[in-house]
Amino acid sequence: MALEDKHISYRIYLVAFSIFLMAIGIIFQLTKIQWSQGDYYRKLAKERTVRNFVIPANKGNVYSADGSLLATSIPNYNIRFDAMAPKGDAFDKNVNSLSDSLSKMLGKPSSFYNTQLRMARSNKNRYLLIARDLSYTEYIKIKGFPMFNLGANKGGIITEQETVREHPIGKIAERTIGYDRIDENGIRVGKGLEWSFRKYLNGKDGKVMKQKIAKGQWKPIRDVNEVDPQDGYDVISTIDVYIQDIAHHALLKQLKQFKAEHGCVIVMETKTGKIKAISNLGKLKETDSTYFETQNYAIAESHEPGSTFKLVDMIALLDDNKIDTSAVFDSKGGIVVYGKDKVRDSHEGGYGKISLARGFEVSSNTIMVQAVYENYKNNPQQFIDRIVNMGLDRPLGLPFQGEGKPIVHKPGEKGWNRNTLPWMAFGYSVAMTPLQTLTLYNAVANNGEMVKPQFVSEIKEWNNVIKNYDKQVINPKICSAETIKKLKAVLQNVVKKGTGSKLYSKDFSMAGKTGTAQANYGHSGGSEKHYISSFVGYFPADHPKYSCIVVVHKPNTSGNNYYGADVAGPVFKRIAQKIFTDSPSTNEITNLNRKISKQELAYDDYKIKASTEMKVIPNLRGMSGMDAVALLENLGIKVKLKGIGKVKNQSIQSGEPITKNTIITLELS
């Protein structure tokens, strides 16, 4: 028995010794981990329970030149509830009043919220959704509700914030305003002003410490952030919302009327190069009838300009002293031949023998091609040098991605052949973007000074200007003053008596050039051939304030009205007239004492009617609305106006006896 007990004792000692050795091994391993990997595991444990989350900074706003909001960041808030955070007495004391407050704000019965809150408490739910997509005002209000006003740790309120980028004026100029966002692959992408000026707009992100409370659920540890976000700066664009609205709707109307594929319009301030309006509209599919701002055609689309390029011919010929505008050429029945290819005039039979100036005004291909070819065929590089010296062979260097590159072939290089020179003379074998073309015409309007198109005028933090963008001169003098004078004359004559004569108005002066280019003309079968209709110029013709280009791709040709004057010209005219007839003038007033005959006659007519003792309602038709109001109110009659302009109809007809305090309605147009 003693021997057996002895064996048991040995086994006990052996087991104890083994356990002792295991304990030493565990202690050794723990010590090793503590010293060598302790920091790693402590960090890992902390990351799995406590983590810093990024708070995106509020982006700066994008404003128009007149102070309208083009793009802004609006904070959205989601509110959740940690039902285990409030103590029992705090929960019982506030749950009913919190339910009542939520009911008044969110619309559901108080009993609904009371049940939800109590069930969350019973189920130990630490992430109950209360409300989504609240505005900042709503967030501040809900934050002050009973129980929630105790804060995150004592009241259980969990606030989740995100920012949403909104365009208050809608889709107008959306493509130029652009975007800056993370795509589905996690890559940051963007376009337009939002992308180009993101270093100013985006600000600096903040940080908030959150604790894990359940699977995939986190709540802030404290009410304050670890690092507060810093808002981005505001970008003040050159866009004028009023002009932008005019340009957008004028283009849209014409695209729909001609069932065109896409088009663009740009309005530029002549002296500064500030872009006051830019609209790009196109169909998503050929069968669509709705137009969207999907591509920035004005900046990115480089294409053969057609007849608008003939201005380059005139500049080169006149400034190189090759010929004058009075030089006469024979249009040769409307066809001239170079090699095996023919250059045709759009007017069948040509124009006979006419001057260079007249050839430009009626956009004769045969006249312009002969003038260029005869004077530069022995030295085509001289013609190309003129293009290069004006900067037309290179991009404008805009602050946007994807600016289209001009195509200007040069002698001896790939793409140059015996017909390149004559074809360039009427806008083929060369390519430019609409904005590059407009920049050239704007230089003529600006007396030869070519300025860079400008989309942003300032970067601001509240009222503090961070950065100014001043006028940039690309070329101080594209040609001589004498050449500019002649160019202005022929451009004005294009509208008065040339291809743009349909646009002429004796009451409003415009100058410009029509363009109609045939695209894909080399395609076999001709099924893909289409037209690009354009009009580019400036207004008023005598003292240019704005320049403008309109380009329309693939207008419907069924009515044979696909020319620039028919398709693009009316958009130009609509914009010009609306700007100067509907908007108040901010120009400096000069010649105050100069009498204008129309105004004098109108005043005399008003004076006669006002000075005559009247006992009956006068005939007001044709009178200015302002004059009619003054006249009637002097007679003791109250006036209501409908519309703007001159009196079209009056609710009380002329000849009716006057009764004091009578109300008369005038329809103006």
# chains A, B, ... in the order shown; residues from 1 in each chain; ligands from 1
>>> select_by_dssp(residues="segment 229-340 of chain A", states="strand (DSSP E or B)", output="short mmCIF file (atom, residue, chain, number, x, y, z; two decimals) with C-alpha atoms, in the first residue's frame")
data_model
loop_
_atom_site.label_atom_id
_atom_site.label_comp_id
_atom_site.auth_asym_id
_atom_site.auth_seq_id
_atom_site.Cartn_x
_atom_site.Cartn_y
_atom_site.Cartn_z
CA GLN A 230 -11.16 73.73 -42.38
CA ASP A 234 -14.72 80.28 -52.52
CA VAL A 235 -14.14 80.56 -56.26
CA ILE A 236 -15.66 83.61 -57.96
CA SER A 237 -16.25 82.75 -61.60
CA HIS A 262 -25.17 68.98 -80.26
CA GLY A 263 -24.00 72.55 -80.04
CA CYS A 264 -22.33 75.18 -77.93
CA VAL A 265 -22.33 78.92 -77.33
CA ILE A 266 -19.78 81.17 -75.62
CA VAL A 267 -20.09 84.83 -74.68
CA MET A 268 -16.84 86.67 -73.86
CA GLU A 269 -16.24 90.15 -72.49
CA LYS A 274 -13.91 87.04 -69.12
CA ILE A 275 -16.31 84.28 -70.13
CA LYS A 276 -19.79 85.55 -69.26
CA ALA A 277 -21.66 82.50 -70.54
CA ILE A 278 -20.81 79.06 -71.88
CA SER A 279 -23.37 76.41 -72.74
CA ASN A 280 -22.77 72.91 -74.12
CA LEU A 281 -25.84 70.88 -75.03
CA GLY A 282 -26.05 67.48 -76.67
CA PHE A 292 -27.98 67.64 -71.59
CA HIS A 303 -13.04 70.56 -85.76
CA VAL A 328 -10.91 92.01 -107.88
CA PHE A 329 -11.16 88.26 -108.54
CA ASP A 330 -13.27 86.19 -110.90
CA ILE A 335 -15.87 76.49 -109.33
CA VAL A 336 -12.08 76.52 -109.26
CA VAL A 337 -9.96 73.39 -109.69
CA TYR A 338 -6.77 72.39 -107.86
#
>>> residues_around(residues="Leu98 of chain A", least_positions_apart="5", cutoff="10 Å", atoms="only C-alpha atoms", output="list of chain:residue names")
A:Phe91, A:Lys93, A:Ser103, A:Ser110, A:Tyr113, A:Asn114, A:Leu117, A:Ile142, A:Gly144, A:Phe145, A:Pro146, A:Met147, A:Phe148
>>> select_by_dssp(residues="segment 155-357 of chain A", states="alpha helix (DSSP H)", output="ChimeraX atom specification")
/A:155,174-177,192-196,198-201,241-257,297-300,310-319,356-357
>>> write_last_selection(atoms="N, CA and C atoms", output="tab-separated table (two decimals), in the first residue's frame")
chain	number	residue	atom	x	y	z
A	155	GLY	N	-26.68	61.28	-23.31
A	155	GLY	CA	-27.98	61.33	-23.97
A	155	GLY	C	-28.15	60.33	-25.09
A	174	GLU	N	-23.67	73.43	-66.14
A	174	GLU	CA	-23.25	72.33	-65.27
A	174	GLU	C	-21.90	71.76	-65.70
A	175	ARG	N	-21.68	71.64	-67.01
A	175	ARG	CA	-20.45	71.01	-67.49
A	175	ARG	C	-19.23	71.88	-67.21
A	176	THR	N	-19.39	73.20	-67.28
A	176	THR	CA	-18.28	74.09	-67.00
A	176	THR	C	-18.01	74.17	-65.50
A	177	ILE	N	-19.05	74.17	-64.69
A	177	ILE	CA	-18.88	74.13	-63.23
A	177	ILE	C	-18.16	72.83	-62.86
A	192	GLY	N	-14.04	70.41	-65.13
A	192	GLY	CA	-14.47	71.79	-64.99
A	192	GLY	C	-13.80	72.55	-63.86
A	193	LEU	N	-14.49	73.61	-63.41
A	193	LEU	CA	-13.95	74.48	-62.37
A	193	LEU	C	-13.75	73.74	-61.06
A	194	GLU	N	-14.67	72.85	-60.72
A	194	GLU	CA	-14.57	72.10	-59.46
A	194	GLU	C	-13.26	71.31	-59.39
A	195	TRP	N	-12.86	70.75	-60.51
A	195	TRP	CA	-11.64	69.94	-60.55
A	195	TRP	C	-10.40	70.81	-60.68
A	196	SER	N	-10.46	71.79	-61.56
A	196	SER	CA	-9.28	72.62	-61.84
A	196	SER	C	-8.87	73.46	-60.64
A	198	ARG	N	-9.61	72.65	-57.37
A	198	ARG	CA	-9.88	71.84	-56.18
A	198	ARG	C	-8.94	72.14	-55.02
A	199	LYS	N	-7.72	72.58	-55.32
A	199	LYS	CA	-6.77	72.86	-54.22
A	199	LYS	C	-7.26	74.04	-53.38
A	200	TYR	N	-8.06	74.92	-53.96
A	200	TYR	CA	-8.64	76.02	-53.21
A	200	TYR	C	-10.00	75.63	-52.61
A	201	LEU	N	-10.78	74.89	-53.36
A	201	LEU	CA	-12.15	74.58	-52.94
A	201	LEU	C	-12.24	73.55	-51.83
A	241	VAL	N	-25.00	85.00	-64.54
A	241	VAL	CA	-26.15	84.10	-64.59
A	241	VAL	C	-27.21	84.58	-65.58
A	242	TYR	N	-27.42	85.87	-65.66
A	242	TYR	CA	-28.42	86.42	-66.57
A	242	TYR	C	-28.04	86.11	-68.03
A	243	ILE	N	-26.80	86.40	-68.40
A	243	ILE	CA	-26.34	86.13	-69.77
A	243	ILE	C	-26.30	84.63	-70.03
A	244	GLN	N	-25.90	83.86	-69.00
A	244	GLN	CA	-25.85	82.41	-69.13
A	244	GLN	C	-27.24	81.84	-69.43
A	245	ASP	N	-28.24	82.36	-68.74
A	245	ASP	CA	-29.61	81.89	-68.94
A	245	ASP	C	-30.08	82.20	-70.36
A	246	ILE	N	-29.77	83.40	-70.84
A	246	ILE	CA	-30.14	83.79	-72.21
A	246	ILE	C	-29.48	82.86	-73.22
A	247	ALA	N	-28.17	82.66	-73.06
A	247	ALA	CA	-27.40	81.83	-74.01
A	247	ALA	C	-27.90	80.39	-74.01
A	248	HIS	N	-28.12	79.86	-72.83
A	248	HIS	CA	-28.56	78.46	-72.70
A	248	HIS	C	-29.89	78.23	-73.43
A	249	HIS	N	-30.86	79.08	-73.16
A	249	HIS	CA	-32.19	78.85	-73.74
A	249	HIS	C	-32.25	79.20	-75.22
A	250	ALA	N	-31.46	80.18	-75.65
A	250	ALA	CA	-31.40	80.49	-77.08
A	250	ALA	C	-30.81	79.32	-77.86
A	251	LEU	N	-29.76	78.71	-77.33
A	251	LEU	CA	-29.14	77.55	-77.98
A	251	LEU	C	-30.09	76.35	-77.96
A	252	LEU	N	-30.70	76.11	-76.80
A	252	LEU	CA	-31.61	74.96	-76.67
A	252	LEU	C	-32.76	75.04	-77.66
A	253	LYS	N	-33.34	76.22	-77.80
A	253	LYS	CA	-34.45	76.41	-78.74
A	253	LYS	C	-34.03	76.06	-80.16
A	254	GLN	N	-32.84	76.50	-80.56
A	254	GLN	CA	-32.40	76.27	-81.93
A	254	GLN	C	-32.03	74.81	-82.17
A	255	LEU	N	-31.42	74.16	-81.18
A	255	LEU	CA	-31.08	72.74	-81.32
A	255	LEU	C	-32.34	71.90	-81.51
A	256	LYS	N	-33.37	72.23	-80.75
A	256	LYS	CA	-34.63	71.49	-80.88
A	256	LYS	C	-35.29	71.75	-82.23
A	257	GLN	N	-35.27	73.01	-82.65
A	257	GLN	CA	-35.91	73.36	-83.92
A	257	GLN	C	-35.27	72.63	-85.09
A	297	TYR	N	-18.06	70.84	-75.36
A	297	TYR	CA	-17.73	70.98	-76.78
A	297	TYR	C	-16.97	72.27	-77.06
A	298	ALA	N	-17.31	73.33	-76.37
A	298	ALA	CA	-16.72	74.65	-76.62
A	298	ALA	C	-15.22	74.66	-76.41
A	299	ILE	N	-14.76	73.84	-75.48
A	299	ILE	CA	-13.34	73.82	-75.11
A	299	ILE	C	-12.62	72.61	-75.69
A	300	ALA	N	-13.30	71.48	-75.75
A	300	ALA	CA	-12.62	70.22	-76.07
A	300	ALA	C	-12.73	69.80	-77.53
A	310	LYS	N	-11.88	82.16	-92.63
A	310	LYS	CA	-11.50	83.12	-93.68
A	310	LYS	C	-11.01	84.44	-93.12
A	311	LEU	N	-11.30	84.70	-91.85
A	311	LEU	CA	-10.75	85.90	-91.21
A	311	LEU	C	-9.22	85.83	-91.19
A	312	VAL	N	-8.68	84.62	-91.03
A	312	VAL	CA	-7.22	84.44	-91.06
A	312	VAL	C	-6.68	84.83	-92.43
A	313	ASP	N	-7.40	84.45	-93.50
A	313	ASP	CA	-6.99	84.83	-94.86
A	313	ASP	C	-6.86	86.35	-94.96
A	314	MET	N	-7.89	87.04	-94.49
A	314	MET	CA	-7.92	88.49	-94.59
A	314	MET	C	-6.78	89.14	-93.81
A	315	ILE	N	-6.54	88.64	-92.60
A	315	ILE	CA	-5.46	89.20	-91.78
A	315	ILE	C	-4.12	89.03	-92.48
A	316	ALA	N	-3.87	87.81	-93.00
A	316	ALA	CA	-2.59	87.54	-93.66
A	316	ALA	C	-2.42	88.38	-94.92
A	317	LEU	N	-3.42	88.38	-95.79
A	317	LEU	CA	-3.32	89.09	-97.06
A	317	LEU	C	-3.13	90.60	-96.86
A	318	LEU	N	-3.88	91.16	-95.92
A	318	LEU	CA	-3.80	92.60	-95.70
A	318	LEU	C	-2.53	93.00	-94.95
A	319	ASP	N	-2.19	92.24	-93.91
A	319	ASP	CA	-1.06	92.65	-93.08
A	319	ASP	C	0.28	92.31	-93.72
A	356	LEU	N	-12.19	91.48	-103.15
A	356	LEU	CA	-11.85	90.61	-102.04
A	356	LEU	C	-12.80	90.87	-100.87
A	357	ALA	N	-13.08	92.13	-100.57
A	357	ALA	CA	-13.98	92.48	-99.46
A	357	ALA	C	-15.35	91.86	-99.68
>>> residues_around(residues="Arg621 of chain A", least_positions_apart="6", cutoff="7 Å", atoms="only C-alpha atoms", output="list in words")
Val647, Lys648 and Asn649 of chain A
>>> write_last_selection(atoms="all heavy atoms", output="PDB file, in the first residue's frame")
ATOM      1  N   VAL A 647     -47.286 100.288 -74.646  1.00  0.00           N
ATOM      2  CA  VAL A 647     -48.676  99.894 -74.416  1.00  0.00           C
ATOM      3  C   VAL A 647     -49.233  99.207 -75.656  1.00  0.00           C
ATOM      4  O   VAL A 647     -49.204  99.762 -76.766  1.00  0.00           O
ATOM      5  CB  VAL A 647     -49.547 101.116 -74.050  1.00  0.00           C
ATOM      6  CG1 VAL A 647     -51.005 100.689 -73.864  1.00  0.00           C
ATOM      7  CG2 VAL A 647     -49.020 101.791 -72.796  1.00  0.00           C
ATOM      8  N   LYS A 648     -49.724  97.997 -75.446  1.00  0.00           N
ATOM      9  CA  LYS A 648     -50.336  97.227 -76.525  1.00  0.00           C
ATOM     10  C   LYS A 648     -51.863  97.290 -76.426  1.00  0.00           C
ATOM     11  O   LYS A 648     -52.563  97.472 -77.421  1.00  0.00           O
ATOM     12  CB  LYS A 648     -49.851  95.775 -76.467  1.00  0.00           C
ATOM     13  CG  LYS A 648     -50.405  94.886 -77.562  1.00  0.00           C
ATOM     14  CD  LYS A 648     -49.874  93.466 -77.413  1.00  0.00           C
ATOM     15  CE  LYS A 648     -50.431  92.557 -78.492  1.00  0.00           C
ATOM     16  NZ  LYS A 648     -49.961  91.154 -78.317  1.00  0.00           N
ATOM     17  N   ASN A 649     -52.392  97.121 -75.227  1.00  0.00           N
ATOM     18  CA  ASN A 649     -53.838  97.170 -74.987  1.00  0.00           C
ATOM     19  C   ASN A 649     -54.104  97.898 -73.683  1.00  0.00           C
ATOM     20  O   ASN A 649     -53.257  97.916 -72.779  1.00  0.00           O
ATOM     21  CB  ASN A 649     -54.435  95.762 -74.927  1.00  0.00           C
ATOM     22  CG  ASN A 649     -54.435  95.078 -76.283  1.00  0.00           C
ATOM     23  OD1 ASN A 649     -54.904  95.645 -77.264  1.00  0.00           O
ATOM     24  ND2 ASN A 649     -53.895  93.865 -76.337  1.00  0.00           N
TER      25      ASN A 649
END
>>> closest_residue(among="A:Thr659, A:Asn125, A:Gln653, A:Thr49", to="Leu635 of chain A", atoms="only C-alpha atoms")
A:Thr659
>>> closest_residue(among="A:Gly178, A:Gly107, A:Pro657, A:Gly25", to="Gln401 of chain A", atoms="only C-alpha atoms")
A:Gly178
>>> closest_residue(among="A:Ile637, A:Ala541, A:Ile323, A:Ala57", to="Asp507 of chain A", atoms="only C-alpha atoms")
A:Ala541
>>> atom_distance(atom1="atom CA of Ser429 of chain A", atom2="atom CA of Asn365 of chain A")
14.2 Å
>>> closest_residue(among="A:Lys545, A:Lys486, A:Arg51, A:Lys640", to="Trp218 of chain A", atoms="only C-alpha atoms")
A:Arg51
>>> residues_around(residues="Pro476 of chain A", least_positions_apart="2", cutoff="10 Å", atoms="only C-alpha atoms", output="list in words")
Met390, Ala443, Asn447, Gly448, Glu449, Met450, Val451, Gln472, Val473, Ile474, Ile478 and Cys479 of chain A
>>> write_last_selection(atoms="all heavy atoms", output="short mmCIF file (atom, residue, chain, number, x, y, z; two decimals), in the first residue's frame")
data_model
loop_
_atom_site.label_atom_id
_atom_site.label_comp_id
_atom_site.auth_asym_id
_atom_site.auth_seq_id
_atom_site.Cartn_x
_atom_site.Cartn_y
_atom_site.Cartn_z
N MET A 390 0.12 84.47 -84.57
CA MET A 390 -1.10 84.83 -83.85
C MET A 390 -1.42 83.82 -82.74
O MET A 390 -2.35 84.01 -81.97
CB MET A 390 -2.29 84.93 -84.82
CG MET A 390 -2.23 86.16 -85.71
SD MET A 390 -3.75 86.44 -86.65
CE MET A 390 -3.67 85.10 -87.84
N ALA A 443 -10.09 89.30 -80.57
CA ALA A 443 -8.90 90.15 -80.74
C ALA A 443 -9.17 91.27 -81.76
O ALA A 443 -8.71 92.40 -81.58
CB ALA A 443 -7.71 89.31 -81.19
N ASN A 447 -9.42 95.64 -80.93
CA ASN A 447 -8.41 96.46 -81.63
C ASN A 447 -7.05 95.77 -81.74
O ASN A 447 -6.00 96.42 -81.67
CB ASN A 447 -8.26 97.82 -80.95
CG ASN A 447 -9.53 98.64 -81.02
OD1 ASN A 447 -10.21 98.66 -82.04
ND2 ASN A 447 -9.88 99.29 -79.93
N GLY A 448 -7.06 94.45 -81.91
CA GLY A 448 -5.83 93.72 -82.17
C GLY A 448 -5.21 93.04 -80.97
O GLY A 448 -4.31 92.21 -81.12
N GLU A 449 -5.66 93.36 -79.77
CA GLU A 449 -5.09 92.74 -78.57
C GLU A 449 -5.81 91.41 -78.29
O GLU A 449 -7.00 91.39 -78.02
CB GLU A 449 -5.23 93.66 -77.35
CG GLU A 449 -4.58 93.08 -76.10
CD GLU A 449 -4.76 93.97 -74.88
OE1 GLU A 449 -5.92 94.14 -74.44
OE2 GLU A 449 -3.76 94.51 -74.37
N MET A 450 -5.06 90.31 -78.36
CA MET A 450 -5.64 89.00 -78.10
C MET A 450 -5.47 88.65 -76.62
O MET A 450 -4.34 88.56 -76.13
CB MET A 450 -4.97 87.92 -78.97
CG MET A 450 -5.56 86.52 -78.79
SD MET A 450 -4.73 85.26 -79.79
CE MET A 450 -5.41 85.62 -81.42
N VAL A 451 -6.59 88.46 -75.93
CA VAL A 451 -6.55 88.14 -74.50
C VAL A 451 -6.97 86.70 -74.27
O VAL A 451 -7.75 86.13 -75.04
CB VAL A 451 -7.45 89.10 -73.70
CG1 VAL A 451 -6.90 90.51 -73.72
CG2 VAL A 451 -8.89 89.08 -74.21
N GLN A 472 -4.91 88.35 -69.00
CA GLN A 472 -3.67 87.84 -69.58
C GLN A 472 -3.68 88.10 -71.09
O GLN A 472 -4.62 87.72 -71.78
CB GLN A 472 -3.53 86.34 -69.32
CG GLN A 472 -3.37 85.98 -67.85
CD GLN A 472 -3.12 84.50 -67.67
OE1 GLN A 472 -2.27 83.91 -68.32
NE2 GLN A 472 -3.88 83.88 -66.77
N VAL A 473 -2.63 88.73 -71.56
CA VAL A 473 -2.53 89.06 -72.99
C VAL A 473 -1.72 87.97 -73.70
O VAL A 473 -0.57 87.71 -73.35
CB VAL A 473 -1.88 90.44 -73.19
CG1 VAL A 473 -1.73 90.74 -74.68
CG2 VAL A 473 -2.71 91.52 -72.51
N ILE A 474 -2.33 87.33 -74.69
CA ILE A 474 -1.65 86.31 -75.48
C ILE A 474 -0.78 86.96 -76.55
O ILE A 474 0.35 86.56 -76.78
CB ILE A 474 -2.68 85.36 -76.14
CG1 ILE A 474 -3.50 84.64 -75.08
CG2 ILE A 474 -1.98 84.36 -77.05
CD1 ILE A 474 -4.64 83.82 -75.66
N ILE A 478 -2.20 91.48 -82.96
CA ILE A 478 -2.18 90.40 -83.96
C ILE A 478 -1.93 90.94 -85.36
O ILE A 478 -1.53 90.18 -86.25
CB ILE A 478 -3.49 89.58 -83.93
CG1 ILE A 478 -4.69 90.45 -84.29
CG2 ILE A 478 -3.69 88.92 -82.59
CD1 ILE A 478 -5.96 89.67 -84.56
N CYS A 479 -2.19 92.22 -85.58
CA CYS A 479 -1.94 92.83 -86.88
C CYS A 479 -1.98 94.35 -86.72
O CYS A 479 -2.23 94.86 -85.62
CB CYS A 479 -2.96 92.36 -87.92
SG CYS A 479 -4.67 92.69 -87.47
#
>>> residues_around(residues="Asn76 of chain A", least_positions_apart="3", cutoff="9 Å", atoms="only C-alpha atoms", output="PyMOL selection string")
chain A and resi 132-136+139+160-164
>>> residues_around(residues="Ile157 of chain A", least_positions_apart="4", cutoff="12 Å", atoms="only C-alpha atoms", output="PyMOL selection string")
chain A and resi 78-86+98+117+126-131+139+142-153+219-223
>>> atom_distance(atom1="atom CA of Asn417 of chain A", atom2="atom CA of Gly339 of chain A")
11.0 Å
>>> atom_distance(atom1="atom CA of Leu396 of chain A", atom2="atom CA of Asp183 of chain A")
29.1 Å
>>> residues_around(residues="Lys405 of chain A", least_positions_apart="5", cutoff="10 Å", atoms="only C-alpha atoms", output="ChimeraX atom specification")
/A:299-303,392-396,431-433,436
>>> write_last_selection(atoms="all heavy atoms", output="compact mmCIF listing (two decimals), in the first residue's frame")
# COMPACT_ATOMS: atom_id res chain seq x y z
N ILE A 299 -14.76 73.84 -75.48
CA ILE A 299 -13.34 73.82 -75.11
C ILE A 299 -12.62 72.61 -75.69
O ILE A 299 -11.46 72.71 -76.08
CB ILE A 299 -13.19 73.86 -73.58
CG1 ILE A 299 -13.65 75.22 -73.04
CG2 ILE A 299 -11.77 73.56 -73.13
CD1 ILE A 299 -13.70 75.29 -71.54
N ALA A 300 -13.30 71.48 -75.75
CA ALA A 300 -12.62 70.22 -76.07
C ALA A 300 -12.73 69.80 -77.53
O ALA A 300 -11.88 69.06 -78.03
CB ALA A 300 -13.16 69.11 -75.17
N GLU A 301 -13.76 70.24 -78.23
CA GLU A 301 -14.02 69.71 -79.57
C GLU A 301 -13.32 70.54 -80.64
O GLU A 301 -13.73 71.65 -80.97
CB GLU A 301 -15.53 69.67 -79.84
CG GLU A 301 -15.88 68.95 -81.13
CD GLU A 301 -17.36 68.73 -81.27
OE1 GLU A 301 -18.15 69.65 -80.97
OE2 GLU A 301 -17.76 67.62 -81.68
N SER A 302 -12.27 69.97 -81.20
CA SER A 302 -11.53 70.62 -82.27
C SER A 302 -12.04 70.08 -83.60
O SER A 302 -12.08 68.88 -83.83
CB SER A 302 -10.03 70.32 -82.12
OG SER A 302 -9.26 71.05 -83.04
N HIS A 303 -12.48 70.99 -84.48
CA HIS A 303 -13.04 70.56 -85.76
C HIS A 303 -12.71 71.59 -86.84
O HIS A 303 -12.25 72.71 -86.55
CB HIS A 303 -14.56 70.39 -85.66
CG HIS A 303 -15.28 71.65 -85.23
ND1 HIS A 303 -15.60 72.66 -86.10
CD2 HIS A 303 -15.71 72.05 -84.01
CE1 HIS A 303 -16.21 73.63 -85.45
NE2 HIS A 303 -16.29 73.29 -84.16
N LEU A 392 -2.38 80.63 -83.18
CA LEU A 392 -3.51 79.78 -83.51
C LEU A 392 -3.13 78.32 -83.72
O LEU A 392 -4.01 77.49 -83.97
CB LEU A 392 -4.19 80.31 -84.78
CG LEU A 392 -4.69 81.76 -84.72
CD1 LEU A 392 -5.34 82.15 -86.04
CD2 LEU A 392 -5.67 81.95 -83.57
N ASP A 393 -1.86 78.00 -83.62
CA ASP A 393 -1.41 76.62 -83.81
C ASP A 393 -1.23 75.88 -82.49
O ASP A 393 -0.76 74.75 -82.48
CB ASP A 393 -0.09 76.59 -84.59
CG ASP A 393 1.05 77.22 -83.81
OD1 ASP A 393 0.78 78.18 -83.03
OD2 ASP A 393 2.20 76.77 -83.94
N ARG A 394 -1.58 76.50 -81.38
CA ARG A 394 -1.38 75.87 -80.07
C ARG A 394 -2.58 76.16 -79.16
O ARG A 394 -3.31 77.14 -79.35
CB ARG A 394 -0.10 76.36 -79.42
CG ARG A 394 0.07 77.88 -79.40
CD ARG A 394 1.49 78.26 -79.03
NE ARG A 394 1.69 79.71 -79.02
CZ ARG A 394 2.02 80.43 -80.08
NH1 ARG A 394 2.18 79.83 -81.26
NH2 ARG A 394 2.18 81.74 -79.98
N PRO A 395 -2.79 75.28 -78.16
CA PRO A 395 -3.91 75.48 -77.24
C PRO A 395 -3.78 76.80 -76.48
O PRO A 395 -2.71 77.38 -76.37
CB PRO A 395 -3.81 74.28 -76.29
CG PRO A 395 -3.01 73.26 -77.03
CD PRO A 395 -2.05 74.03 -77.88
N LEU A 396 -4.89 77.24 -75.93
CA LEU A 396 -4.92 78.49 -75.19
C LEU A 396 -4.31 78.37 -73.79
O LEU A 396 -4.04 79.37 -73.14
CB LEU A 396 -6.38 78.98 -75.06
CG LEU A 396 -7.05 79.38 -76.37
CD1 LEU A 396 -8.56 79.49 -76.18
CD2 LEU A 396 -6.50 80.70 -76.87
N ALA A 431 -7.96 72.64 -88.03
CA ALA A 431 -8.97 72.40 -86.98
C ALA A 431 -8.72 73.33 -85.80
O ALA A 431 -7.57 73.59 -85.43
CB ALA A 431 -8.95 70.94 -86.53
N MET A 432 -9.81 73.81 -85.22
CA MET A 432 -9.76 74.67 -84.04
C MET A 432 -10.99 74.39 -83.18
O MET A 432 -12.01 73.91 -83.67
CB MET A 432 -9.76 76.16 -84.44
CG MET A 432 -8.57 76.59 -85.28
SD MET A 432 -8.75 78.29 -85.89
CE MET A 432 -8.60 79.21 -84.36
N THR A 433 -10.88 74.70 -81.88
CA THR A 433 -12.05 74.61 -81.00
C THR A 433 -12.86 75.89 -81.14
O THR A 433 -12.34 76.93 -81.56
CB THR A 433 -11.65 74.42 -79.53
OG1 THR A 433 -11.01 75.63 -79.08
CG2 THR A 433 -10.71 73.24 -79.35
N GLN A 436 -11.17 78.75 -79.34
CA GLN A 436 -9.98 79.27 -80.02
C GLN A 436 -10.39 80.21 -81.16
O GLN A 436 -9.77 81.26 -81.37
CB GLN A 436 -9.14 78.10 -80.54
CG GLN A 436 -8.43 77.34 -79.42
CD GLN A 436 -8.07 75.92 -79.79
OE1 GLN A 436 -8.28 75.47 -80.92
NE2 GLN A 436 -7.53 75.17 -78.83
